[in-house]
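Chemist: Below is data18.cif; it holds mmCIF, C-alpha atoms.
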data_entry
loop_
_atom_site.label_atom_id
_atom_site.label_comp_id
_atom_site.auth_asym_id
_atom_site.auth_seq_id
_atom_site.Cartn_x
_atom_site.Cartn_y
_atom_site.Cartn_z
CA MET T 26 -58.11 -74.29 -10.02
CA ASN T 27 -60.45 -72.85 -7.42
CA ILE T 28 -62.29 -74.49 -4.52
CA GLU T 29 -65.26 -73.01 -2.66
CA LEU T 30 -66.35 -74.73 0.55
CA THR T 31 -69.50 -73.87 2.50
CA PHE T 32 -71.21 -75.55 5.44
CA SER T 33 -74.92 -75.75 6.12
CA GLY T 34 -75.91 -77.89 9.10
CA GLU T 35 -74.54 -81.37 8.49
CA ILE T 36 -73.90 -80.72 4.80
CA ALA T 37 -70.58 -79.51 3.39
CA ALA T 38 -70.79 -78.21 -0.18
CA MET T 39 -67.57 -78.08 -2.18
CA LYS T 40 -67.35 -76.58 -5.66
CA ILE T 41 -64.18 -77.27 -7.66
CA ASP T 42 -63.44 -75.30 -10.83
CA GLY T 43 -60.60 -75.83 -13.31
CA ILE T 44 -58.16 -78.72 -13.54
CA LEU T 45 -57.24 -80.59 -10.37
CA ASN T 46 -53.70 -81.92 -10.75
CA SER T 47 -50.59 -82.83 -8.77
CA GLU T 48 -49.59 -79.18 -8.52
CA ASN T 49 -52.74 -78.10 -6.69
CA ALA T 50 -54.06 -81.32 -5.09
CA HIS T 51 -52.74 -80.18 -1.69
CA ILE T 52 -55.32 -77.36 -1.73
CA LEU T 53 -58.05 -79.99 -2.08
CA GLN T 54 -56.46 -81.95 0.75
CA GLU T 55 -56.62 -78.88 3.03
CA LYS T 56 -60.30 -78.31 2.20
CA LEU T 57 -61.12 -81.98 2.76
CA SER T 58 -59.38 -81.81 6.15
CA GLU T 59 -61.70 -78.90 7.03
CA VAL T 60 -64.69 -81.10 6.18
CA MET T 61 -63.27 -83.98 8.20
CA GLN T 62 -62.83 -81.75 11.25
CA SER T 63 -66.35 -80.35 10.94
CA ASP T 64 -69.69 -81.88 11.99
CA ALA T 65 -70.63 -82.50 8.36
CA LYS T 66 -72.13 -85.91 7.58
CA LEU T 67 -72.51 -85.37 3.84
CA LEU T 68 -70.05 -83.85 1.38
CA GLU T 69 -71.73 -82.59 -1.77
CA LEU T 70 -69.21 -82.17 -4.56
CA ASP T 71 -70.07 -79.85 -7.42
CA LEU T 72 -67.72 -80.77 -10.29
CA LEU T 73 -69.64 -79.21 -13.16
CA ASP T 74 -66.88 -76.68 -13.83
CA CYS T 75 -64.09 -79.09 -13.00
CA ARG T 76 -62.55 -79.83 -16.37
CA ASN T 77 -60.46 -82.80 -15.35
CA ILE T 78 -58.87 -84.50 -12.35
CA SER T 79 -55.50 -86.20 -12.26
CA SER T 80 -54.79 -89.32 -10.21
CA THR T 81 -53.32 -87.24 -7.37
CA GLY T 82 -56.67 -85.46 -6.95
CA ILE T 83 -58.56 -88.75 -7.13
CA GLY T 84 -56.20 -90.18 -4.52
CA LYS T 85 -57.05 -87.32 -2.13
CA ILE T 86 -60.78 -87.90 -2.63
CA LEU T 87 -60.41 -91.66 -2.03
CA LEU T 88 -58.32 -91.22 1.11
CA PHE T 89 -60.87 -88.75 2.41
CA TYR T 90 -63.76 -91.08 1.49
CA LYS T 91 -62.21 -93.95 3.45
CA ASP T 92 -61.87 -91.86 6.62
CA PHE T 93 -65.17 -90.03 6.14
CA ILE T 94 -67.36 -93.15 5.85
CA SER T 95 -65.64 -94.62 8.90
CA LYS T 96 -67.05 -91.71 10.92
CA GLY T 97 -70.52 -92.14 9.37
CA GLY T 98 -70.16 -89.63 6.52
CA ASP T 99 -70.98 -89.93 2.84
CA ILE T 100 -70.05 -88.23 -0.44
CA GLU T 101 -72.28 -87.32 -3.35
CA VAL T 102 -71.18 -85.74 -6.61
CA VAL T 103 -74.21 -83.52 -7.23
CA ARG T 104 -73.07 -82.28 -10.65
CA SER T 105 -70.14 -83.17 -12.86
CA SER T 106 -68.73 -82.26 -16.27
CA ASN T 107 -68.78 -84.89 -19.01
CA SER T 108 -65.05 -85.57 -18.68
CA VAL T 109 -65.17 -85.96 -14.88
CA TYR T 110 -68.29 -88.14 -15.07
CA GLU T 111 -66.62 -90.36 -17.64
CA LEU T 112 -63.47 -90.55 -15.55
CA PHE T 113 -65.31 -91.44 -12.31
CA THR T 114 -67.30 -94.10 -14.14
CA MET T 115 -64.19 -95.54 -15.77
CA LEU T 116 -62.48 -95.74 -12.38
CA LYS T 117 -65.67 -97.25 -10.87
CA LEU T 118 -65.94 -94.47 -8.29
CA ASN T 119 -69.69 -94.43 -9.00
CA GLN T 120 -69.80 -97.78 -7.18
CA LEU T 121 -68.52 -96.07 -4.03
CA PHE T 122 -70.76 -93.00 -4.07
CA THR T 123 -73.44 -91.35 -6.19
CA VAL T 124 -72.08 -89.50 -9.21
CA ASN T 125 -74.51 -87.28 -11.13
CA LEU T 126 -73.82 -85.80 -14.53
CA GLY T 127 -74.46 -82.16 -15.43
CA MET J 7 -58.57 -66.14 -36.66
CA ALA J 8 -61.99 -65.96 -38.28
CA ASP J 9 -62.63 -63.05 -40.66
CA LYS J 10 -65.04 -61.58 -38.17
CA ALA J 11 -63.56 -61.40 -34.69
CA ARG J 12 -65.69 -63.14 -32.06
CA ILE J 13 -66.29 -61.14 -28.91
CA LEU J 14 -67.85 -62.22 -25.61
CA VAL J 15 -69.52 -59.42 -23.66
CA VAL J 16 -69.95 -60.03 -19.91
CA ASP J 17 -72.07 -57.72 -17.76
CA ASP J 18 -74.86 -58.28 -15.23
CA SER J 19 -76.78 -55.37 -16.79
CA ILE J 20 -79.04 -56.55 -19.61
CA ALA J 21 -79.23 -53.00 -20.96
CA ILE J 22 -75.44 -52.70 -21.27
CA VAL J 23 -75.10 -56.15 -22.85
CA ASN J 24 -77.82 -55.36 -25.40
CA SER J 25 -76.33 -51.99 -26.17
CA LEU J 26 -72.81 -53.42 -26.66
CA GLN J 27 -74.15 -56.27 -28.74
CA SER J 28 -75.80 -53.79 -31.13
CA ILE J 29 -72.77 -51.52 -31.38
CA LEU J 30 -70.31 -54.37 -31.93
CA SER J 31 -72.54 -56.20 -34.40
CA ILE J 32 -72.96 -53.03 -36.46
CA SER J 33 -69.16 -52.64 -36.37
CA GLY J 34 -68.80 -56.09 -37.95
CA TYR J 35 -68.00 -58.32 -34.99
CA ASN J 36 -69.62 -61.62 -33.99
CA VAL J 37 -70.93 -61.10 -30.48
CA ASP J 38 -71.94 -63.50 -27.74
CA SER J 39 -72.98 -62.53 -24.21
CA SER J 40 -73.01 -63.68 -20.58
CA PHE J 41 -74.62 -62.08 -17.55
CA ASN J 42 -72.19 -63.39 -14.95
CA GLY J 43 -68.56 -64.49 -14.63
CA SER J 44 -69.24 -68.20 -14.04
CA ASP J 45 -71.33 -68.53 -17.19
CA ALA J 46 -68.68 -66.57 -19.12
CA LEU J 47 -65.96 -68.97 -17.92
CA ARG J 48 -68.04 -71.94 -19.06
CA LYS J 49 -68.48 -70.28 -22.47
CA ILE J 50 -64.82 -69.55 -23.04
CA TYR J 51 -63.87 -73.16 -22.23
CA LYS J 52 -66.48 -74.36 -24.70
CA ASN J 53 -66.24 -71.82 -27.53
CA GLU J 54 -63.48 -69.84 -29.15
CA TYR J 55 -63.38 -66.09 -28.71
CA ASP J 56 -60.90 -63.52 -29.89
CA LEU J 57 -61.70 -61.08 -27.13
CA VAL J 58 -63.72 -60.73 -23.92
CA ILE J 59 -65.17 -57.42 -22.72
CA CYS J 60 -66.06 -57.81 -19.06
CA ASP J 61 -67.52 -55.56 -16.37
CA ILE J 62 -65.44 -55.31 -13.19
CA GLU J 63 -68.31 -54.96 -10.72
CA MET J 64 -70.53 -58.01 -11.00
CA PRO J 65 -72.30 -60.07 -8.35
CA GLY J 66 -70.74 -63.50 -7.79
CA LEU J 67 -67.48 -63.79 -9.68
CA SER J 68 -66.15 -60.23 -10.10
CA GLY J 69 -64.43 -59.04 -13.26
CA LEU J 70 -61.04 -59.21 -11.53
CA GLU J 71 -61.68 -62.75 -10.30
CA PHE J 72 -62.84 -63.70 -13.78
CA LEU J 73 -59.68 -62.21 -15.27
CA GLY J 74 -57.52 -64.10 -12.77
CA ARG J 75 -59.17 -67.39 -13.72
CA VAL J 76 -58.78 -66.70 -17.44
CA ARG J 77 -55.10 -65.90 -17.02
CA GLN J 78 -54.58 -69.02 -14.94
CA ASP J 79 -55.77 -71.20 -17.80
CA PHE J 80 -55.18 -69.16 -20.95
CA ASP J 81 -52.03 -67.22 -20.05
CA ARG J 82 -52.04 -64.20 -22.38
CA SER J 83 -53.65 -65.86 -25.36
CA LEU J 84 -57.12 -64.43 -24.74
CA ASP J 85 -57.47 -60.66 -24.50
CA VAL J 86 -59.74 -59.27 -21.81
CA ILE J 87 -60.92 -55.65 -21.73
CA LEU J 88 -62.34 -54.56 -18.38
CA MET J 89 -65.23 -52.10 -18.12
CA THR J 90 -65.79 -49.98 -15.05
CA GLY J 91 -67.70 -46.95 -13.87
CA TYR J 92 -64.80 -45.90 -11.70
CA LEU J 93 -61.22 -47.04 -11.45
CA GLU J 94 -59.55 -46.87 -8.08
CA HIS J 95 -55.79 -46.99 -8.00
CA ASP J 96 -55.68 -50.39 -6.21
CA TYR J 97 -58.16 -51.92 -8.65
CA PHE J 98 -56.15 -50.62 -11.57
CA ILE J 99 -52.87 -52.05 -10.23
CA GLU J 100 -54.51 -55.41 -9.54
CA ALA J 101 -56.05 -55.51 -13.03
CA ILE J 102 -52.68 -54.74 -14.63
CA ARG J 103 -51.01 -57.38 -12.47
CA LEU J 104 -53.60 -59.93 -13.57
CA GLY J 105 -53.04 -59.05 -17.21
CA ALA J 106 -55.98 -56.89 -18.33
CA SER J 107 -55.49 -56.06 -22.00
CA ASP J 108 -57.21 -52.66 -21.78
CA PHE J 109 -59.85 -50.66 -19.88
CA ILE J 110 -63.11 -49.04 -20.94
CA ARG J 111 -64.71 -46.41 -18.77
CA LYS J 112 -68.49 -46.33 -18.33
CA PRO J 113 -70.46 -44.62 -19.81
CA ILE J 114 -68.85 -46.20 -22.83
CA ASP J 115 -67.21 -44.04 -25.47
CA THR J 116 -67.98 -46.14 -28.58
CA LYS J 117 -65.18 -44.66 -30.67
CA GLN J 118 -62.60 -45.35 -27.97
CA MET J 119 -63.90 -48.90 -27.47
CA ILE J 120 -63.72 -49.74 -31.20
CA HIS J 121 -60.22 -48.25 -31.39
CA SER J 122 -59.14 -50.40 -28.45
CA ILE J 123 -60.64 -53.55 -30.02
CA GLN J 124 -58.94 -52.84 -33.36
CA GLU J 125 -55.59 -52.37 -31.62
CA LEU J 126 -55.92 -55.66 -29.75
CA MET J 127 -57.05 -57.51 -32.87
CA PHE J 128 -54.00 -56.18 -34.70
CA ARG J 129 -51.74 -57.59 -31.96
CA LYS J 130 -53.65 -60.85 -31.98
CA ARG J 131 -53.07 -61.21 -35.71
CA SER J 132 -49.30 -61.01 -35.08
CA ARG J 133 -49.62 -63.81 -32.52
CA ASP J 134 -51.77 -65.78 -34.95
CA ASP J 135 -49.04 -65.45 -37.59
CA ILE J 136 -46.75 -67.45 -35.26
CA MET J 137 -49.51 -70.02 -34.89
CA GLY J 138 -49.93 -70.01 -38.65
CA PHE J 139 -46.24 -70.80 -39.09
CA TYR J 140 -46.46 -73.81 -36.75
CA SER J 141 -49.66 -75.02 -38.39
CA HIS J 142 -47.85 -75.20 -41.75
CA LEU J 143 -45.00 -77.35 -40.45
CA ASN J 144 -45.28 -81.07 -41.07
CA ARG J 145 -43.95 -81.73 -37.61
CA ALA J 146 -42.69 -79.67 -34.67
CA SER J 147 -40.75 -81.18 -31.77
CA PHE J 148 -39.82 -79.76 -28.38
CA CYS J 149 -37.47 -81.34 -25.82
CA TYR J 150 -36.82 -80.28 -22.24
CA GLU J 151 -34.33 -81.69 -19.77
CA ILE J 152 -35.03 -80.75 -16.17
CA SER J 153 -32.77 -81.44 -13.20
CA ALA J 154 -34.39 -83.08 -10.19
CA GLU J 155 -33.50 -80.03 -8.12
CA SER J 156 -35.22 -77.60 -10.51
CA PHE J 157 -38.29 -79.74 -10.96
CA THR J 158 -40.06 -78.56 -7.83
CA SER J 159 -39.62 -74.89 -8.81
CA PHE J 160 -41.86 -75.06 -11.87
CA ALA J 161 -45.41 -76.03 -12.73
CA ILE J 162 -44.50 -78.17 -15.74
CA SER J 163 -48.09 -78.59 -16.95
CA LYS J 164 -48.43 -74.79 -17.11
CA VAL J 165 -45.28 -74.50 -19.21
CA PHE J 166 -46.53 -77.26 -21.49
CA SER J 167 -49.97 -75.65 -21.73
CA SER J 168 -48.47 -72.28 -22.58
CA GLN J 169 -46.16 -73.75 -25.26
CA LEU J 170 -49.03 -75.61 -26.86
CA ARG J 171 -51.53 -72.74 -26.73
CA GLN J 172 -49.13 -70.19 -28.16
CA ARG J 173 -48.23 -72.31 -31.16
CA PHE J 174 -51.03 -74.70 -31.97
CA LYS J 175 -54.76 -74.65 -32.26
CA VAL J 176 -55.91 -77.37 -29.91
CA ASN J 177 -59.51 -78.13 -29.00
CA SER J 178 -60.01 -77.26 -25.30
CA ASN J 179 -61.30 -80.73 -24.34
CA VAL J 180 -58.28 -82.37 -25.95
CA LEU J 181 -55.99 -79.83 -24.29
CA ASN J 182 -57.51 -80.56 -20.84
CA GLU J 183 -56.90 -84.26 -21.35
CA LEU J 184 -53.36 -83.62 -22.55
CA LEU J 185 -52.68 -81.53 -19.45
CA VAL J 186 -53.78 -84.37 -17.22
CA CYS J 187 -51.61 -86.81 -19.21
CA VAL J 188 -48.54 -84.60 -18.86
CA ASP J 189 -49.23 -84.14 -15.16
CA GLU J 190 -49.50 -87.91 -14.68
CA MET J 191 -46.39 -88.66 -16.70
CA VAL J 192 -44.14 -86.03 -15.20
CA TYR J 193 -45.39 -86.42 -11.61
CA ASN J 194 -45.05 -90.22 -11.72
CA ALA J 195 -41.58 -89.97 -13.23
CA PHE J 196 -40.50 -87.57 -10.48
CA ILE J 197 -42.17 -89.27 -7.51
CA HIS J 198 -41.56 -92.89 -8.49
CA GLY J 199 -38.56 -92.70 -10.80
CA THR J 200 -36.44 -89.80 -9.62
CA LEU J 201 -37.25 -89.87 -5.89
CA GLY J 202 -38.32 -93.51 -5.50
CA LEU J 203 -40.97 -92.72 -2.88
CA SER J 204 -42.83 -95.61 -1.26
CA VAL J 205 -46.64 -95.87 -1.08
CA ALA J 206 -46.58 -94.74 2.57
CA GLU J 207 -44.34 -91.78 1.74
CA ARG J 208 -46.60 -90.71 -1.12
CA ALA J 209 -49.57 -90.66 1.26
CA LEU J 210 -47.92 -88.09 3.57
CA GLY J 211 -49.54 -84.69 4.06
CA HIS J 212 -48.39 -81.83 1.84
CA ASP J 213 -45.90 -80.24 4.28
CA GLN J 214 -44.38 -83.55 5.34
CA LEU J 215 -44.11 -84.66 1.71
CA GLN J 216 -42.39 -81.40 0.72
CA ALA J 217 -39.93 -81.83 3.60
CA LEU J 218 -39.22 -85.40 2.53
CA ILE J 219 -38.70 -84.33 -1.09
CA SER J 220 -36.22 -81.65 0.03
CA GLU J 221 -34.40 -84.24 2.10
CA LYS J 222 -34.26 -86.73 -0.79
CA LEU J 223 -32.94 -84.05 -3.11
CA GLN J 224 -29.89 -83.70 -0.86
CA VAL J 225 -28.84 -87.26 -1.75
CA PRO J 226 -26.18 -86.84 -4.49
CA GLU J 227 -27.42 -89.79 -6.56
CA ILE J 228 -30.98 -88.38 -6.63
CA LYS J 229 -29.87 -84.79 -7.05
CA SER J 230 -27.91 -85.66 -10.18
CA ARG J 231 -30.91 -87.27 -11.90
CA VAL J 232 -32.76 -85.53 -14.72
CA LEU J 233 -36.20 -85.77 -16.26
CA ARG J 234 -36.75 -85.49 -19.99
CA LEU J 235 -40.03 -84.28 -21.40
CA SER J 236 -40.56 -84.09 -25.13
CA PHE J 237 -43.52 -83.64 -27.39
CA THR J 238 -44.04 -83.68 -31.12
CA VAL J 239 -47.03 -82.26 -32.92
CA ASP J 240 -47.58 -84.02 -36.22
CA ASN J 241 -49.77 -81.80 -38.36
CA LEU J 242 -49.94 -84.36 -41.17
CA GLU J 243 -51.50 -86.98 -38.92
CA ASN J 244 -53.11 -84.53 -36.48
CA VAL J 245 -51.47 -86.34 -33.61
CA ILE J 246 -49.42 -85.31 -30.61
CA GLU J 247 -46.81 -87.59 -29.09
CA ILE J 248 -45.62 -86.91 -25.55
CA SER J 249 -42.84 -88.78 -23.80
CA VAL J 250 -41.23 -88.60 -20.39
CA GLU J 251 -38.07 -90.35 -19.28
CA ASP J 252 -36.60 -90.52 -15.79
CA GLU J 253 -33.33 -91.93 -14.46
CA GLY J 254 -34.83 -94.08 -11.70
CA PRO J 255 -34.93 -97.88 -11.41
CA GLY J 256 -37.97 -98.25 -13.70
CA PHE J 257 -41.04 -100.40 -13.01
CA ASP J 258 -42.54 -103.71 -14.08
CA HIS J 259 -44.61 -102.39 -16.95
CA VAL J 260 -44.82 -105.81 -18.60
CA SER J 261 -47.00 -107.26 -15.81
CA TRP J 262 -49.10 -104.12 -15.74
CA LEU J 263 -49.71 -104.24 -19.48
CA LYS J 264 -50.70 -107.93 -19.32
CA GLN J 265 -53.27 -107.02 -16.70
CA VAL J 266 -54.57 -104.10 -18.76
CA GLN J 267 -55.02 -106.23 -21.83
CA LYS J 268 -57.01 -108.80 -19.79
CA GLU J 269 -59.19 -106.21 -18.10
CA GLN J 270 -60.36 -103.40 -20.34
CA ILE J 271 -61.79 -101.37 -17.46
CA LEU J 272 -59.09 -100.83 -14.89
CA ASP J 273 -59.72 -101.42 -11.22
CA ILE J 274 -58.62 -98.38 -9.32
CA GLN J 275 -57.85 -100.37 -6.17
CA GLU J 276 -55.45 -102.77 -7.85
CA HIS J 277 -53.42 -100.80 -10.37
CA GLY J 278 -51.76 -97.43 -10.52
CA ARG J 279 -54.35 -94.73 -10.89
CA GLY J 280 -51.97 -92.50 -12.83
CA LEU J 281 -51.33 -95.22 -15.38
CA SER J 282 -55.04 -96.04 -15.54
CA LEU J 283 -55.74 -92.43 -16.38
CA LEU J 284 -53.02 -92.35 -19.01
CA TYR J 285 -54.42 -95.50 -20.54
CA HIS J 286 -57.90 -94.04 -20.50
CA LEU J 287 -56.99 -90.65 -21.97
CA SER J 288 -54.43 -91.60 -24.60
CA ASP J 289 -54.73 -93.40 -27.92
CA THR J 290 -51.49 -95.35 -27.56
CA LEU J 291 -49.41 -95.94 -24.45
CA ILE J 292 -45.86 -97.26 -24.79
CA PHE J 293 -43.27 -98.15 -22.16
CA ASP J 294 -39.59 -98.70 -22.80
CA LYS J 295 -36.17 -98.71 -21.13
CA GLY J 296 -37.29 -100.91 -18.25
CA GLY J 297 -40.27 -98.70 -17.46
CA ARG J 298 -38.21 -95.51 -17.22
CA PHE J 299 -39.62 -94.22 -20.48
CA VAL J 300 -43.31 -93.69 -21.14
CA SER J 301 -44.81 -92.29 -24.28
CA ILE J 302 -48.36 -91.58 -25.35
CA THR J 303 -49.94 -90.46 -28.57
CA LYS J 304 -53.25 -88.72 -28.80
CA SER J 305 -55.27 -87.60 -31.76
CA LEU J 306 -55.88 -83.89 -31.85
CA LEU J 307 -59.26 -84.72 -33.40
CA HIS J 308 -60.57 -87.94 -31.81
CA SER J 309 -59.49 -90.81 -29.53
CA GLY J 310 -58.81 -94.54 -29.81
CA LYS J 311 -56.88 -97.09 -27.74
CA ASP J 312 -53.79 -99.29 -27.98
CA ALA J 313 -51.14 -100.18 -25.41
CA SER J 314 -47.75 -101.90 -25.73
#
Go through the file and emit its structure as structure tokens.
Modeler:
Amino acid sequence: MNIELTFSGEIAAMKIDGILNSENAHILQEKLSEVMQSDAKLLELDLLDCRNISSTGIGKILLFYKDFISKGGDIEVVRSSNSVYELFTMLKLNQLFTVNLG
Amino acid sequence: MADKARILVVDDSIAIVNSLQSILSISGYNVDSSFNGSDALRKIYKNEYDLVICDIEMPGLSGLEFLGRVRQDFDRSLDVILMTGYLEHDYFIEAIRLGASDFIRKPIDTKQMIHSIQELMFRKRSRDDIMGFYSHLNRASFCYEISAESFTSFAISKVFSSQLRQRFKVNSNVLNELLVCVDEMVYNAFIHGTLGLSVAERALGHDQLQALISEKLQVPEIKSRVLRLSFTVDNLENVIEISVEDEGPGFDHVSWLKQVQKEQILDIQEHGRGLSLLYHLSDTLIFDKGGRFVSITKSLLHSGKDAS
């Protein structure tokens, strides 16, 4: 699993590749903390090359989402793989933020 | 392995890709190409290749980074030959450490390249023989018992992935889903069953959580607990069954199952996300022994749904 994080003005862009699971979810947590501590108001998640996410990874995203919207931020999944899109839809995460496929 | 080996050529130079494609096609190989590492990664997750020939110096994802990512997910099951115009000592050491199968110096010596490919294909056939043996068994079962203390030292999903890849031909989408299932099952068994962590404890930051886990593992009752992971590949039915058992207090799976059967789409806020994922990704989901035992089955070809 690999995470690239870049900042441009008030936008944080995070690209996650590979499988996000309990063994590497803490890396995501560290990157999300960086976003939280920055001036970013929008987190754009690129999950096109993310092949699947376990519940631990989803938990980190949800915890971050809760804190991020309370400080006026928002999340958008700009691209996602079929499996991640299906997973986010099944878990109704698309009702919390925009989730785009492909 | 197919009669004609399938090779993926990765180089940002169109001229080199075209040239290699011609040479390899004439030599009897099926050739596909990519002009950068990210596209190549996407291709190898989607298609099956016997070998990748990749340039080291590429913009974006370098050949070494590409190799690292391949090894992370494929262990040694996919051979990667690196191409380079020069080979510095540090590069060479790093490439060996990452598991490069061989090196080709640019400008390419065609004879040497074909010899290298033939050698690697010969070794691959030996590995495929092992896979062939397992594919002819009606069933193959594997059982692991892990002490609570040892659990934190290993990435169980990687061990599982490696065992499965080395022995069985599994579609990469199915394998990805199986890896998530194993992660959910084993992690839940350890965190809930073995350690008995509360919701608040599970939400701790990584360092604090690790410290708490170390502390819990000092408690003799917890330290003595074991986790059992087993899986059976049934080649007759094209199904895999995975089960995990812990020695914790168990959980009220009966109420959870009643809820699941009422509500086909699970609400992430109300029920365990890990279980929701398991339910979503597996074909059957079974609990037993007071919730200490969980088992799933999954078709190696397609998916369905049933829970009990």
Chemist: If you measure from CA of Leu284 (chain J) to CA of Ile78 (chain T), what distance in Å do you get, rounded to one decimal?
Modeler: 11.8 Å
Chemist: With a distance cut-off of 10 Å and all atoms listed in the file, select the neighbouring residues of region 158-165 of chain J, excluding the residue or stretch itself and same-chain residues fewer than 5 positions from it, and output the selection as a VMD selection string.
Modeler: (chain T and resid 46 to 49) or (chain J and resid 78 to 81 152 to 153 170 to 171 184 to 190 192 to 193 196 216 219 to 220 235)
Chemist: Per residue of chain T within 7 Å of chain J, note the shortest atom pair and the distance in Å to one decimal, counting only C-alpha atoms, and order the rows by chain and increasing residue number, as a tab-separated table.
Modeler:
residue	atom	partner	partner_atom	distance
T:Asn46	CA	J:Asp189	CA	6.7
T:Ser47	CA	J:Asp189	CA	6.7
T:Glu48	CA	J:Ala161	CA	6.7
T:His51	CA	J:His212	CA	5.8
T:Arg76	CA	J:Asn182	CA	6.8
T:Asn77	CA	J:Asn182	CA	6.6
T:Ser79	CA	J:Val186	CA	5.6
T:Ser80	CA	J:Gly280	CA	5.0
T:Met115	CA	J:Ile271	CA	6.5
T:Leu116	CA	J:Ile274	CA	5.6
Chemist: Tell me which residues the PyMOL selection byres ((chain J and resi 238-252) around 10) grabs here, as a PyMOL selection string.
Modeler: chain J and resi 140-152+154+170+174+184+187-188+191-196+198-201+231-237+253-256+288-295+297-308
Chemist: Select, counting all atoms listed in the file, all protein, DNA and RNA residues no farther than 12 Å from (-77.2, -85.6, -17.2) in file coordinates, and express the selection as a list in words.
Modeler: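 Those within range, by chain then number, are Leu73, Val103, Arg104, Ser105, Ser106, Asn107, Tyr110, Glu111, Val124, Asn125, Leu126 and Gly127 of chain T.
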Chemist: Export, as a PDB file, in the coordinates of the input, the selected residues with C-alpha atoms.
Modeler:
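Printed below is selection.pdb as written:
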ATOM      1  CA  LEU T  73     -69.640 -79.210 -13.160  1.00  0.00           C
ATOM      2  CA  VAL T 103     -74.210 -83.520  -7.230  1.00  0.00           C
ATOM      3  CA  ARG T 104     -73.070 -82.280 -10.650  1.00  0.00           C
ATOM      4  CA  SER T 105     -70.140 -83.170 -12.860  1.00  0.00           C
ATOM      5  CA  SER T 106     -68.730 -82.260 -16.270  1.00  0.00           C
ATOM      6  CA  ASN T 107     -68.780 -84.890 -19.010  1.00  0.00           C
ATOM      7  CA  TYR T 110     -68.290 -88.140 -15.070  1.00  0.00           C
ATOM      8  CA  GLU T 111     -66.620 -90.360 -17.640  1.00  0.00           C
ATOM      9  CA  VAL T 124     -72.080 -89.500  -9.210  1.00  0.00           C
ATOM     10  CA  ASN T 125     -74.510 -87.280 -11.130  1.00  0.00           C
ATOM     11  CA  LEU T 126     -73.820 -85.800 -14.530  1.00  0.00           C
ATOM     12  CA  GLY T 127     -74.460 -82.160 -15.430  1.00  0.00           C
TER      13      GLY T 127
END
Chemist: Find the spatial neighbours of region 56-62 of chain T, counting only C-alpha atoms, within a cut-off of 10 Å - ignore same-chain residues fewer than 5 positions away - and output them as a ChimeraX atom specification.
Modeler: /T:28-32,36-39,51,67-68,85-86,88-90,92-93,96,98
Chemist: Keeping C-alpha atoms for every residue in the selection just given, could you write it to a file as a PDB file, in the frame of the given file?
Modeler:
ATOM      1  CA  ILE T  28     -62.290 -74.490  -4.520  1.00  0.00           C
ATOM      2  CA  GLU T  29     -65.260 -73.010  -2.660  1.00  0.00           C
ATOM      3  CA  LEU T  30     -66.350 -74.730   0.550  1.00  0.00           C
ATOM      4  CA  THR T  31     -69.500 -73.870   2.500  1.00  0.00           C
ATOM      5  CA  PHE T  32     -71.210 -75.550   5.440  1.00  0.00           C
ATOM      6  CA  ILE T  36     -73.900 -80.720   4.800  1.00  0.00           C
ATOM      7  CA  ALA T  37     -70.580 -79.510   3.390  1.00  0.00           C
ATOM      8  CA  ALA T  38     -70.790 -78.210  -0.180  1.00  0.00           C
ATOM      9  CA  MET T  39     -67.570 -78.080  -2.180  1.00  0.00           C
ATOM     10  CA  HIS T  51     -52.740 -80.180  -1.690  1.00  0.00           C
ATOM     11  CA  LEU T  67     -72.510 -85.370   3.840  1.00  0.00           C
ATOM     12  CA  LEU T  68     -70.050 -83.850   1.380  1.00  0.00           C
ATOM     13  CA  LYS T  85     -57.050 -87.320  -2.130  1.00  0.00           C
ATOM     14  CA  ILE T  86     -60.780 -87.900  -2.630  1.00  0.00           C
ATOM     15  CA  LEU T  88     -58.320 -91.220   1.110  1.00  0.00           C
ATOM     16  CA  PHE T  89     -60.870 -88.750   2.410  1.00  0.00           C
ATOM     17  CA  TYR T  90     -63.760 -91.080   1.490  1.00  0.00           C
ATOM     18  CA  ASP T  92     -61.870 -91.860   6.620  1.00  0.00           C
ATOM     19  CA  PHE T  93     -65.170 -90.030   6.140  1.00  0.00           C
ATOM     20  CA  LYS T  96     -67.050 -91.710  10.920  1.00  0.00           C
ATOM     21  CA  GLY T  98     -70.160 -89.630   6.520  1.00  0.00           C
TER      22      GLY T  98
END
Chemist: Fewer than 6 positions away in the same chain doesn't count, so skip those; otherwise give me all residues within 8 Å of Met64 (chain J), counting all atoms listed in the file, as an MDAnalysis selection string.
Modeler: chainID J and resid 17:18 42:43
Chemist: Where does the PyMOL selection byres ((chain J and resi 94-98) around 12) land in this file, that is, which residues does it pick, as JSON, numbers by chain?
Modeler: {"J": [62, 63, 68, 69, 70, 71, 88, 89, 90, 91, 92, 93, 99, 100, 101, 102, 103, 104, 105, 106, 107, 108, 109, 110, 111]}
Chemist: CA of Glu101 (chain T) and CA of Ile41 (chain T) are how many Å apart?
Modeler: 13.6 Å
Chemist: Which distance in Å separates CA of His121 (chain J) and CA of Leu26 (chain J), to one decimal?
Modeler: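 If I compute the distance from CA of His121 (chain J) to CA of Leu26 (chain J), I get 14.4 Å.
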Chemist: Which residue out of J:Leu84, J:Pro65, J:Gln214, J:Val205 has the minimum interatomic distance to Ser168 (chain J) when all atoms listed in the file are used?
Modeler: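 Of J:Leu84, J:Pro65, J:Gln214, J:Val205, the one nearest Ser168 (chain J) is J:Leu84, counting all atoms listed in the file.
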Chemist: Give me the box for region 34-37 of chain T as AutoDock Vina command-line options, namely the centre and edge lengths in Å to one decimal of a box along x, y and z that holds every listed atom plus 3 Å on each side.
Modeler:
--center_x -73.2 --center_y -79.6 --center_z 6.2 --size_x 11.3 --size_y 9.5 --size_z 11.7
